[in-house]
Every structure is written in C-alpha cells, then in structure tokens.
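Structure first, commentary second.
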Amino acid sequence: MALSDLKEALPKYIEDVLDTSSNTTQKEHDLNKIHDQLSHISSTSLINNSATETSGQGICIAPKTAARCIKSAPRTLAYWRALKATLARQQHKKTIHIIYPGCGPFASLVLPLLAGHLNAQVKITFIDYHQAALNHLEQLIDYLGKDHMVADMICAEASTWQPSKNFDVLILECMLNGLQREGHVALVNHFAPFLVEDGQLLPGQIDIHANWIDASGELEYVQQQCFSKQKLNGTEITKFRRAIGTVFKLDRHTYLKAGHQKKTIRANSLNILERPDASYHFALCTRLLFIDNIRLHEYEDGITHPYYPALASQPAGGDILDVAYQTGAQPGFIFNRRQQCDM
Ligand SMILES: C[S@@+](CC[C@H](N)C(=O)[O-])C[C@H]1O[C@@H](n2cnc3c(N)ncnc32)[C@H](O)[C@@H]1O
C-alpha cells in the first residue's frame, strides 16, 4: 500500500479490529499492517531507536519496541473498546481532555481518535521519555491532519511533570506482568489526583492475586490451547493452581494509600497455605478491568502472564507474607516473610 493511501485505509483497519465478528488472526493481520505502515511514516527510522533506558520510575522501553506493542490484538482491542465506551460516556462535554503518559511513537491506545475512526472533541497531552518517540508521533499526527487534537507533547520522565489543569481521561500502558520494572503504578498515582470526578482511568482497575501454580503443567496446557487456537478455559486453569489471596488493587484511589514519601504502598498480608508439592511456585497473577465489562484476561498478553518473583526461598505453609509495592527506579512488589507467632 502506498503511504498516501494510509489515511483512508487506517480507519477501515481499525474498524476491522473492533469488529466483533472478525477472529484474532484477522485482527493480528490488520494490526501488523498498521504497525508496518506507521513505522514508515517518519523520515527518522525507528529501527535505530532500539535502546531501552531506565528512568527514575523504571525502564522506558525503546521506541522501536514500544511501537510493536500495537500488534498484540487482545490488548489493543481492549484499550480501543474501552476508549470508545469512555468517549461515549463523556460525549456531553464540549472538549474531552485526555492525558497519555508513555504514548510511544504511535500513540497506539488513542489511534482510533487520531485516525478519525472515533469522532470526539478532544485535546490530548502526550508524554514520553524518548524524544525519538515524540518526533515520530508528531510526524504521524501531522500526516493524519490531527494537530488540533494535541494539547501538549512533553518529553520527560512523566512523574516529574506537573499538570496545570485536570483531565477527563488518563490512559496508559507502562507495565510488565506483575507490575514489575515499569512505572505504571507510579504514573497512575501521580496523575490520578488530576482526574475530574467523573473522569476515567484506563484501565480502571488492575488486580494482582497470589497463587501457587504448577508452572510446567499450566504452561503445557496453555501452549496446547494456543497451538490448537482454542480459548483458555478458566476452570481448567484452576486445576493447576491453589489460590492464596488478593495482593493488590490499582485504581484511581490507590495513591491515597501511598506512604509519606509516596514511594511505598502497602498491599495485603497473605496467609500462606501449604505448598501442594515442589512443582508449585509462588506466583502473582494480573488481571485488567477497563470499564464496564471490558477486560484483559490472563495470558491474553504478556502483561497478564503469571509472574514468579525471585524469592530467596518459596514461602512455607503457615507463614505470613507482608506485601508492599515500591515505586522508583526498580518498581515492583517487595515481600516480608514472618511466622504466625511473630504477630
Ligand atoms: C509499553 S510502551 C507502550 C507504548 C504505547 N502506549 C502502546 O501502548 O502501544 C511504554 C512507553 O512508555 C514510555 N514510558 C515508560 N515509563 C515512562 C515514564 N516514567 N515516563 C515517560 N515515559 C515512559 C516508554 O518510553 C514507552 O514509549
């Protein structure tokens, strides 16, 4: 496809991805096409921008890698459906102010707006750590003729940037499974106080649950289903697991639980039940709820794969595991193990 045709093709591709009757393979095909086309929009090649850097709030993946995130159909589709639902709910507003930290070179999560598939009066504040990502995005927006949608483009570690006004929508995806290493939690906590009362965080809620998982048994089952293009069955998955408990919930109010320095957030204490046998490992499982019933389920994307924290040893049955989340250059959960008699 010639680049000149992209402006017309893009809304159609987006429509196909959002189409409930098309299957995941078709959606992936469309998203790959979008990725390839958008990669060539700028005169500066993304190929050269392959260095992941570490900011004060964790890793900031390279623009080239960030660009690839769009290819994950379940993830991208969940964000687009959630954005559509959010805009519909806020349509009474004259202008919808959106803040998008970690936008990357394609601003993939708001692409339906930029491509003209969704029509709404919006002003978007884009933030990214990488100037190269913003340069690319600027050329993309220019090409699509959507400069009027841009409120600001900020190159910064996003949590160092102070908004001067409130926002209606906060949309972002700066996370790895188990909320480790990237700054998603810090960024939600930094910007959530600037959301208007009826504003929407996307995803609205992230839940982390602890389980004992028979890792190799579960993985074999997941791979089999994947090969045969079958959906994962939640009941089957529970056969490889023993639930330990809910660890953490991230939503627009979580910042209220942050400690004095705002660096540590208390999570739940877990009563560790007996490890079934040595094939089971302590794991954190991630689920995303966007808005209404729009979700990203386990294994639908790398960000919802189980995370097995590197513990000195597996906790023992009867232990209490105090959990906290620590933001900063190496974000993630920290654990303090004690025995019940220490209480
Ligand atoms: C996982 S990519 C997501 C890209 C795009 N939003 C998407 O979902 O397809 C994360 C992006 O956030 C940026 N980022 C991560 N942490 C950041 C921070 N603390 N401040 C500013 N940008 C950050 C990275 O540079 C990268 O471009």
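Naming scheme: A, B, ... for chains in displayed order of the structure tokens; residues 1 onward per chain; ligands 1 onward as shown.
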| message | Let me see if you get this right: every residue at most 9 Å from ligand 1, counting only C-alpha atoms and all ligand atoms, written as a PyMOL selection string. | response | chain A and resi 52-72+75-76+79+100-110+127-131+133-134+154-160+171-176+182-184+186-187
Any chance you could tabulate, as a tab-separated table, the residues of stretch 46-146 of chain A at most 12 Å from stretch 294-299 of chain A with each one's nearest atom pair and distance in Å to one decimal, using only C-alpha atoms, in chain and rising number order?
```
residue	atom	partner	partner_atom	distance
A:Ser72	CA	A:Leu296	CA	11.4
A:Ala73	CA	A:Leu296	CA	10.7
A:Pro74	CA	A:Leu296	CA	7.0
A:Arg75	CA	A:Leu296	CA	6.6
A:Thr76	CA	A:Leu296	CA	9.8
A:Leu77	CA	A:Leu296	CA	9.4
A:Ala78	CA	A:Ile294	CA	6.4
A:Tyr79	CA	A:Ile294	CA	8.6
A:Trp80	CA	A:Ile294	CA	10.1
A:Arg81	CA	A:Ile294	CA	7.4
A:Ala82	CA	A:Ile294	CA	6.6
A:Leu83	CA	A:Ile294	CA	10.4
A:Lys84	CA	A:Ile294	CA	11.1
A:Ala85	CA	A:Ile294	CA	9.4
A:Thr86	CA	A:Ile294	CA	11.2
```
Quick one: contact table of stretch 236-264 of chain A to stretch 193-199 of chain A, 9 Å max, nearest atom pair and distance in Å to one decimal per residue, counting only C-alpha atoms, chain and number order, as a Markdown table?
```
| residue | atom | partner | partner_atom | distance |
| --- | --- | --- | --- | --- |
| A:Arg252 | CA | A:Pro193 | CA | 7.7 |
| A:His253 | CA | A:Pro193 | CA | 8.2 |
| A:Tyr255 | CA | A:Pro193 | CA | 8.1 |
```
| query | So, counting only C-alpha atoms, which residue among A:Asn119, A:Asn23, A:Asn32, A:Gln200 is closest to A:Asn166? | reply |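 Using only C-alpha atoms, A:Asn166 sits closest to A:Gln200.
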| request: Excluding A:Leu114 and residues on its chain fewer than 4 positions from it, collect all residues at most 8 Å away from it, counting only C-alpha atoms, and give them as a PyMOL selection string. | output: chain A and resi 110+141+144+146+149
